[in-house]
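Source file: target-v7.cif; contents: mmCIF, C-alpha atoms.
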```cif
data_start
loop_
_atom_site.group_PDB
_atom_site.id
_atom_site.type_symbol
_atom_site.label_atom_id
_atom_site.label_comp_id
_atom_site.auth_asym_id
_atom_site.auth_seq_id
_atom_site.Cartn_x
_atom_site.Cartn_y
_atom_site.Cartn_z
ATOM 1 C CA LYS U 1 -15.748 45.080 -24.224
ATOM 2 C CA TYR U 2 -18.819 44.248 -26.330
ATOM 3 C CA ASN U 3 -21.215 44.020 -23.357
ATOM 4 C CA LEU U 4 -23.029 41.040 -24.913
ATOM 5 C CA TYR U 5 -25.293 40.552 -21.915
ATOM 6 C CA GLY U 6 -26.625 44.087 -22.408
ATOM 7 C CA ARG U 7 -27.594 43.570 -26.028
ATOM 8 C CA THR U 8 -30.668 42.138 -27.718
ATOM 9 C CA PHE U 9 -30.353 39.227 -30.156
ATOM 10 C CA PHE U 10 -32.800 38.409 -32.963
ATOM 11 C CA HIS U 11 -33.583 35.397 -35.123
ATOM 12 C CA ARG U 12 -32.408 35.867 -38.705
ATOM 13 C CA VAL U 13 -35.405 34.110 -40.264
ATOM 14 C CA THR U 14 -38.295 35.174 -38.090
ATOM 15 C CA GLY U 15 -36.812 38.413 -36.804
ATOM 16 C CA GLU U 16 -37.917 37.566 -33.269
ATOM 17 C CA GLU U 17 -35.915 39.337 -30.584
ATOM 18 C CA PHE U 18 -34.422 37.557 -27.567
ATOM 19 C CA PRO U 19 -32.855 38.960 -24.413
ATOM 20 C CA ALA U 20 -29.214 38.048 -23.792
ATOM 21 C CA THR U 21 -28.759 34.815 -21.839
ATOM 22 C CA THR U 22 -25.720 32.637 -21.247
ATOM 23 C CA LYS U 23 -26.890 30.062 -23.797
ATOM 24 C CA ILE U 24 -27.491 32.671 -26.503
ATOM 25 C CA VAL U 25 -24.165 34.410 -25.806
ATOM 26 C CA LEU U 26 -22.272 31.107 -26.090
ATOM 27 C CA GLN U 27 -24.031 30.281 -29.350
ATOM 28 C CA TYR U 28 -23.127 33.712 -30.711
ATOM 29 C CA LEU U 29 -19.456 33.342 -29.736
ATOM 30 C CA PHE U 30 -19.255 29.825 -31.167
ATOM 31 C CA HIS U 31 -20.633 30.928 -34.564
ATOM 32 C CA LYS U 32 -18.585 34.118 -34.714
ATOM 33 C CA TYR U 33 -15.285 32.611 -33.459
ATOM 34 C CA GLN U 34 -15.499 28.987 -34.597
ATOM 35 C CA LEU U 35 -11.767 28.251 -34.683
ATOM 36 C CA GLN U 36 -11.114 29.696 -31.230
ATOM 37 C CA SER U 37 -14.186 27.932 -29.844
ATOM 38 C CA CYS U 38 -12.997 24.550 -31.193
ATOM 39 C CA VAL U 39 -9.535 25.052 -29.665
ATOM 40 C CA PHE U 40 -11.090 26.041 -26.346
ATOM 41 C CA LEU U 41 -13.379 22.972 -26.410
ATOM 42 C CA LEU U 42 -10.434 20.686 -27.240
ATOM 43 C CA LEU U 43 -8.347 22.101 -24.396
ATOM 44 C CA GLY U 44 -11.271 21.664 -22.000
ATOM 45 C CA ILE U 45 -11.599 17.959 -22.887
ATOM 46 C CA ALA U 46 -7.828 17.472 -22.621
ATOM 47 C CA SER U 47 -7.781 19.123 -19.193
ATOM 48 C CA LEU U 48 -10.388 16.644 -17.939
ATOM 49 C CA THR U 49 -8.077 13.756 -18.852
ATOM 50 C CA LEU U 50 -4.867 15.390 -17.621
ATOM 51 C CA LEU U 51 -6.230 16.587 -14.284
ATOM 52 C CA PRO U 52 -6.432 13.065 -12.716
ATOM 53 C CA PHE U 53 -2.956 12.370 -14.132
ATOM 54 C CA LEU U 54 -1.614 15.522 -12.438
ATOM 55 C CA LEU U 55 -3.330 14.713 -9.141
ATOM 56 C CA TRP U 56 -1.912 11.166 -9.186
ATOM 57 C CA HIS U 57 1.643 12.399 -9.666
ATOM 58 C CA CYS U 58 1.188 14.992 -6.923
ATOM 59 C CA TYR U 59 0.085 12.160 -4.632
ATOM 60 C CA ILE U 60 3.043 9.858 -5.356
ATOM 61 C CA ALA U 61 5.428 12.827 -5.081
ATOM 62 C CA SER U 62 3.971 13.564 -1.643
ATOM 63 C CA CYS U 63 4.665 9.929 -0.693
ATOM 64 C CA GLY U 64 8.294 10.154 -1.833
ATOM 65 C CA THR U 65 8.013 7.601 -4.656
ATOM 66 C CA THR U 66 8.204 7.500 -8.432
ATOM 67 C CA THR U 67 5.690 5.890 -10.788
ATOM 68 C CA ASN U 68 7.562 2.567 -10.953
ATOM 69 C CA GLU U 69 8.183 2.545 -7.204
ATOM 70 C CA SER U 70 4.498 3.161 -6.477
ATOM 71 C CA VAL U 71 3.572 0.070 -8.532
ATOM 72 C CA LYS U 72 6.154 -2.052 -6.711
ATOM 73 C CA TRP U 73 5.023 -0.790 -3.305
ATOM 74 C CA LYS U 74 1.446 -1.647 -4.245
ATOM 75 C CA GLN U 75 2.554 -5.224 -4.967
ATOM 76 C CA VAL U 76 4.469 -5.394 -1.675
ATOM 77 C CA HIS U 77 1.465 -4.208 0.343
ATOM 78 C CA LYS U 78 -0.793 -6.662 -1.480
ATOM 79 C CA TRP U 79 1.581 -9.554 -0.676
ATOM 80 C CA TYR U 80 1.837 -8.438 2.957
ATOM 81 C CA ASN U 81 -1.948 -8.290 3.427
ATOM 82 C CA ILE U 82 -2.385 -11.758 1.879
ATOM 83 C CA GLU U 83 0.318 -13.328 4.053
ATOM 84 C CA LEU U 84 -1.017 -11.641 7.184
ATOM 85 C CA GLN U 85 -4.517 -12.915 6.442
ATOM 86 C CA ARG U 86 -3.182 -16.437 5.863
ATOM 87 C CA TYR U 87 -1.311 -16.295 9.160
ATOM 88 C CA HIS U 88 -4.393 -15.212 11.130
ATOM 89 C CA GLU U 89 -6.543 -17.863 9.441
ATOM 90 C CA ASN U 90 -3.965 -20.512 10.285
ATOM 91 C CA GLU U 91 -3.803 -19.348 13.911
ATOM 92 C CA TYR U 92 -7.590 -19.436 14.144
ATOM 93 C CA ASN U 93 -7.766 -22.956 12.684
ATOM 94 C CA ASN U 94 -5.009 -24.213 14.991
ATOM 95 C CA THR U 95 -6.770 -22.770 18.040
ATOM 96 C CA LYS U 96 -10.014 -24.349 16.930
ATOM 97 C CA GLU U 97 -8.344 -27.746 16.452
ATOM 98 C CA ASP U 98 -6.611 -27.516 19.847
ATOM 99 C CA ASN U 99 -9.889 -26.770 21.580
ATOM 100 C CA SER U 100 -11.637 -29.672 19.877
ATOM 101 C CA SER U 101 -8.761 -32.057 20.652
ATOM 102 C CA ASN U 102 -8.784 -31.010 24.314
ATOM 103 C CA LYS U 103 -12.483 -31.813 24.510
ATOM 104 C CA ASN U 104 -11.945 -35.232 22.985
ATOM 105 C CA ASP U 105 -8.930 -36.180 25.118
ATOM 106 C CA GLY U 106 -11.127 -37.441 27.934
ATOM 107 C CA ASP U 107 -13.069 -39.676 25.569
ATOM 108 C CA ASP U 108 -10.067 -41.331 23.890
ATOM 109 C CA ASP U 109 -9.545 -44.947 24.880
ATOM 110 C CA TYR U 110 -6.068 -46.444 24.934
ATOM 111 C CA VAL U 111 -5.220 -50.132 25.044
ATOM 112 C CA MET U 112 -2.554 -51.014 27.608
ATOM 113 C CA ILE U 113 -0.738 -54.337 27.378
ATOM 114 C CA THR U 114 1.190 -55.506 30.469
ATOM 115 C CA LYS U 115 2.634 -58.725 31.858
ATOM 116 C CA ASP U 116 1.837 -60.111 35.305
ATOM 117 C CA ASN U 117 4.103 -62.227 37.518
ATOM 118 C CA ASN U 118 3.086 -65.425 35.686
ATOM 119 C CA ASP U 119 3.934 -63.839 32.339
ATOM 120 C CA ASN U 120 0.277 -63.663 31.364
ATOM 121 C CA THR U 121 -1.008 -60.844 29.152
ATOM 122 C CA ILE U 122 -3.341 -58.365 30.817
ATOM 123 C CA THR U 123 -5.193 -55.618 28.933
ATOM 124 C CA ALA U 124 -6.883 -52.604 30.413
ATOM 125 C CA LYS U 125 -8.058 -49.160 29.363
ATOM 126 C CA ASP U 126 -6.396 -46.127 30.830
ATOM 127 C CA THR U 127 -4.522 -42.987 29.877
ATOM 128 C CA ALA U 128 -0.940 -43.204 28.699
ATOM 129 C CA GLU U 129 0.449 -40.634 31.139
ATOM 130 C CA THR U 130 -0.532 -42.527 34.307
ATOM 131 C CA MET U 131 1.075 -45.855 33.441
ATOM 132 C CA THR U 132 4.708 -47.030 33.565
ATOM 133 C CA ASN U 133 6.448 -49.998 31.912
ATOM 134 C CA THR U 134 3.555 -50.373 29.509
ATOM 135 C CA THR U 135 3.117 -50.597 25.787
ATOM 136 C CA LEU U 136 0.623 -48.104 24.405
ATOM 137 C CA VAL U 137 -1.220 -49.231 21.306
ATOM 138 C CA ARG U 138 -3.288 -46.889 19.233
ATOM 139 C CA ASP U 139 -4.702 -47.540 15.804
ATOM 140 C CA ASP U 140 -4.082 -44.073 14.356
ATOM 141 C CA ALA U 141 -0.509 -43.583 15.654
ATOM 142 C CA MET U 142 1.018 -43.616 12.191
ATOM 143 C CA GLU U 143 -1.617 -41.243 10.868
ATOM 144 C CA GLU U 144 -0.872 -38.724 13.606
ATOM 145 C CA GLU U 145 2.844 -38.848 12.851
ATOM 146 C CA ASN U 146 2.185 -38.161 9.186
ATOM 147 C CA ASP U 147 -0.145 -35.300 10.097
ATOM 148 C CA ASP U 148 2.561 -33.778 12.317
ATOM 149 C CA ASN U 149 5.042 -33.898 9.448
ATOM 150 C CA ASP U 150 2.538 -32.231 7.126
ATOM 151 C CA VAL U 151 1.839 -29.475 9.648
ATOM 152 C CA THR U 152 5.561 -28.817 10.091
ATOM 153 C CA SER U 153 6.108 -28.568 6.339
ATOM 154 C CA LYS U 154 3.099 -26.243 5.915
ATOM 155 C CA THR U 155 3.842 -23.894 8.811
ATOM 156 C CA ILE U 156 2.789 -20.318 8.042
ATOM 157 C CA PHE U 157 4.895 -17.631 9.705
ATOM 158 C CA HIS U 158 3.950 -14.065 10.555
ATOM 159 C CA PRO U 159 5.178 -11.712 7.778
ATOM 160 C CA GLY U 160 6.510 -9.299 10.384
ATOM 161 C CA PRO U 161 5.953 -5.534 10.603
ATOM 162 C CA LYS U 162 4.479 -3.788 7.595
ATOM 163 C CA PRO U 163 7.209 -2.595 5.180
ATOM 164 C CA LYS U 164 7.750 1.161 5.124
ATOM 165 C CA ASN U 165 9.353 3.423 2.553
ATOM 166 C CA ILE U 166 12.500 4.781 4.182
ATOM 167 C CA TYR U 167 12.677 7.549 1.565
ATOM 168 C CA ASN U 168 9.334 9.021 2.593
ATOM 169 C CA TYR U 169 10.339 11.994 4.760
ATOM 170 C CA GLY U 170 6.856 13.503 5.032
ATOM 171 C CA PHE U 171 4.699 15.737 2.842
ATOM 172 C CA ILE U 172 6.623 18.998 3.324
ATOM 173 C CA GLN U 173 10.142 17.524 3.156
ATOM 174 C CA ASN U 174 9.294 15.477 0.039
ATOM 175 C CA TRP U 175 8.231 18.601 -1.851
ATOM 176 C CA LYS U 176 11.305 20.463 -0.606
ATOM 177 C CA ASP U 177 13.481 17.677 -2.015
ATOM 178 C CA ILE U 178 11.708 18.022 -5.381
ATOM 179 C CA PHE U 179 12.311 21.759 -5.798
ATOM 180 C CA TYR U 180 15.600 21.755 -3.874
ATOM 181 C CA PRO U 181 17.246 18.326 -4.433
ATOM 182 C CA ARG U 182 19.568 16.832 -1.851
ATOM 183 C CA SER U 183 22.416 16.706 -4.358
ATOM 184 C CA ILE U 184 22.374 20.517 -4.569
ATOM 185 C CA GLN U 185 22.061 20.729 -0.793
ATOM 186 C CA LYS U 186 25.160 18.547 -0.367
ATOM 187 C CA GLU U 187 27.146 20.598 -2.869
ATOM 188 C CA LYS U 188 26.296 23.838 -1.103
ATOM 189 C CA THR U 189 27.097 22.271 2.260
ATOM 190 C CA LEU U 190 30.515 21.126 0.972
ATOM 191 C CA GLN U 191 31.243 24.545 -0.492
ATOM 192 C CA GLN U 192 30.307 26.223 2.776
ATOM 193 C CA THR U 193 32.500 23.785 4.711
ATOM 194 C CA LYS U 194 35.440 24.486 2.392
ATOM 195 C CA ARG U 195 35.004 28.236 2.812
ATOM 196 C CA GLU U 196 34.858 27.901 6.593
ATOM 197 C CA SER U 197 37.944 25.663 6.658
ATOM 198 C CA SER U 198 39.900 27.983 4.352
ATOM 199 C CA SER U 199 38.990 31.042 6.436
ATOM 200 C CA TYR U 200 39.996 29.159 9.597
ATOM 201 C CA ASN U 201 43.372 28.220 8.063
ATOM 202 C CA ASN U 202 43.970 31.824 6.953
ATOM 203 C CA ASN U 203 43.249 33.090 10.457
ATOM 204 C CA ASN U 204 45.702 30.583 11.929
ATOM 205 C CA LYS U 205 48.407 31.629 9.455
ATOM 206 C CA THR U 206 47.826 35.290 10.334
ATOM 207 C CA LYS U 207 48.111 34.599 14.034
ATOM 208 C CA SER U 208 51.272 32.518 13.622
ATOM 209 C CA SER U 209 52.946 35.217 11.521
#
```

Re-express the file's structure as structure tokens.
Amino acid sequence: KYNLYGRTFFHRVTGEEFPATTKIVLQYLFHKYQLQSCVFLLLGIASLTLLPFLLWHCYIASCGTTTNESVKWKQVHKWYNIELQRYHENEYNNTKEDNSSNKNDGDDDYVMITKDNNDNTITAKDTAETMTNTTLVRDDAMEEENDDNDVTSKTIFHPGPKPKNIYNYGFIQNWKDIFYPRSIQKEKTLQQTKRESSSYNNNNKTKSS
């Protein structure tokens, strides 16, 4: 309307003329319309803070969750990732211990105590699996039993498949449910079913008469 970019501006004190630029036009508008400019500036700052808030709610609506549900699901996924990591670390440590124990099995010495025909004590070194009617003595037997009990009590199980939100029907269906809730869909479906059943009953009555 005013064609500000086609006009020439001048300095009030020096009288120097300036061609219209974006900076000069904005300064002119701010000084001439101060109240409107302040409101516009305030709305611009507010939009910067509300835009991320709007985008966040669009995201959780696309996922089929509310604000509280999104926080709870975040906690569930965090717990699942921690438990899964613990399980894999435990499996790795157990495999490592099994490999090291298998390497050391050939080096372990066992003390075998047997009796000969004259009831004399005979000792020899051999493996426990290849001997019969013998008494196997090992210094750390009690320690191994305690370790087995500790391992059993500290067994870490796999947390299972990752939990999924059963109410997440996909991006398109979630937005359809927002603008066209399922409660309204059910009501319309019931009304349509009633109309169909009533028309069917009326047709049967007409035929019977």

So how many Å separate atom CA of U:Thr8 and atom CA of U:Lys23, to one decimal?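 Between atom CA of U:Thr8 and atom CA of U:Lys23 the gap is 13.2 Å.
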
Interatomic distance, atom CA of U:Pro52 to atom CA of U:Thr67 (Å, one decimal): 14.2 Å

Considering all atoms listed in the file, can you say which of U:Asn94, U:Phe171, U:Lys78, U:Ile184 comes closest to U:Cys58?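 With all atoms listed in the file as the atom set, the closest residue is U:Phe171.
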
Run the PyMOL selection byres ((chain U and resi 84) around 12) mentally over the shown coordinates, then write out the matched residues as an mmCIF file with C-alpha atoms, in the coordinates of the input, using the chain letters and numbers from the document.
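Output below, filename expr07.cif:
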```cif
data_model
loop_
_atom_site.group_PDB
_atom_site.id
_atom_site.type_symbol
_atom_site.label_atom_id
_atom_site.label_comp_id
_atom_site.auth_asym_id
_atom_site.auth_seq_id
_atom_site.Cartn_x
_atom_site.Cartn_y
_atom_site.Cartn_z
ATOM 1 C CA HIS U 77 1.465 -4.208 0.343
ATOM 2 C CA LYS U 78 -0.793 -6.662 -1.480
ATOM 3 C CA TRP U 79 1.581 -9.554 -0.676
ATOM 4 C CA TYR U 80 1.837 -8.438 2.957
ATOM 5 C CA ASN U 81 -1.948 -8.290 3.427
ATOM 6 C CA ILE U 82 -2.385 -11.758 1.879
ATOM 7 C CA GLU U 83 0.318 -13.328 4.053
ATOM 8 C CA GLN U 85 -4.517 -12.915 6.442
ATOM 9 C CA ARG U 86 -3.182 -16.437 5.863
ATOM 10 C CA TYR U 87 -1.311 -16.295 9.160
ATOM 11 C CA HIS U 88 -4.393 -15.212 11.130
ATOM 12 C CA GLU U 89 -6.543 -17.863 9.441
ATOM 13 C CA ASN U 90 -3.965 -20.512 10.285
ATOM 14 C CA GLU U 91 -3.803 -19.348 13.911
ATOM 15 C CA ILE U 156 2.789 -20.318 8.042
ATOM 16 C CA PHE U 157 4.895 -17.631 9.705
ATOM 17 C CA HIS U 158 3.950 -14.065 10.555
ATOM 18 C CA PRO U 159 5.178 -11.712 7.778
ATOM 19 C CA GLY U 160 6.510 -9.299 10.384
ATOM 20 C CA PRO U 161 5.953 -5.534 10.603
ATOM 21 C CA LYS U 162 4.479 -3.788 7.595
#
```

Suppose you want the space between atom CA of U:Pro181 and atom CA of U:Ser47; what is it in Å?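 One can read the atom CA of U:Pro181 to atom CA of U:Ser47 distance as 29.1 Å.
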
Just want the 12 Å neighbourhood of U:Tyr5, counted on all atoms listed in the file, with same-chain residues fewer than 6 positions away dropped. Output as a list in words.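 With the cut-off at 12 Å, the set is Phe18, Pro19, Ala20, Thr21, Thr22, Lys23, Ile24, Val25, Leu26 and Tyr28 of chain U.
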
Okay, now the selection with C-alpha atoms, as a JSON list (two decimals), in the coordinates of the input?
```json
[["chain", "number", "residue", "atom", "x", "y", "z"],
["U", 18, "PHE", "CA", -34.42, 37.56, -27.57],
["U", 19, "PRO", "CA", -32.85, 38.96, -24.41],
["U", 20, "ALA", "CA", -29.21, 38.05, -23.79],
["U", 21, "THR", "CA", -28.76, 34.82, -21.84],
["U", 22, "THR", "CA", -25.72, 32.64, -21.25],
["U", 23, "LYS", "CA", -26.89, 30.06, -23.80],
["U", 24, "ILE", "CA", -27.49, 32.67, -26.50],
["U", 25, "VAL", "CA", -24.16, 34.41, -25.81],
["U", 26, "LEU", "CA", -22.27, 31.11, -26.09],
["U", 28, "TYR", "CA", -23.13, 33.71, -30.71]]
```

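Nearest residue to U:Lys176, choosing from U:Pro163, U:Ala61, U:Thr155, U:Gly44 and counting all atoms listed in the file: U:Ala61.
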
As a check of understanding, name the residues that the PyMOL selection byres ((chain U and resi 62) around 9) selects in the supplied structure, as a list of chain:residue names.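 Output from the PyMOL selection byres ((chain U and resi 62) around 9), applied to this file: U:His57, U:Cys58, U:Tyr59, U:Ile60, U:Ala61, U:Cys63, U:Gly64, U:Thr65, U:Asn168, U:Gly170, U:Phe171, U:Ile172, U:Gln173, U:Asn174, U:Trp175.
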
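Using all atoms listed in the file, the shortest contact distance between U:Asn165 and any of U:Ser70, U:Thr14, U:Thr49, U:Gln36 is found at U:Ser70.
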
Which one of U:Asn93, U:Lys194, U:Val76, U:Thr66 sits closest to U:Tyr167 if you count all atoms listed in the file?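 Once distances to U:Tyr167 are computed over all atoms listed in the file, the minimum belongs to U:Thr66.
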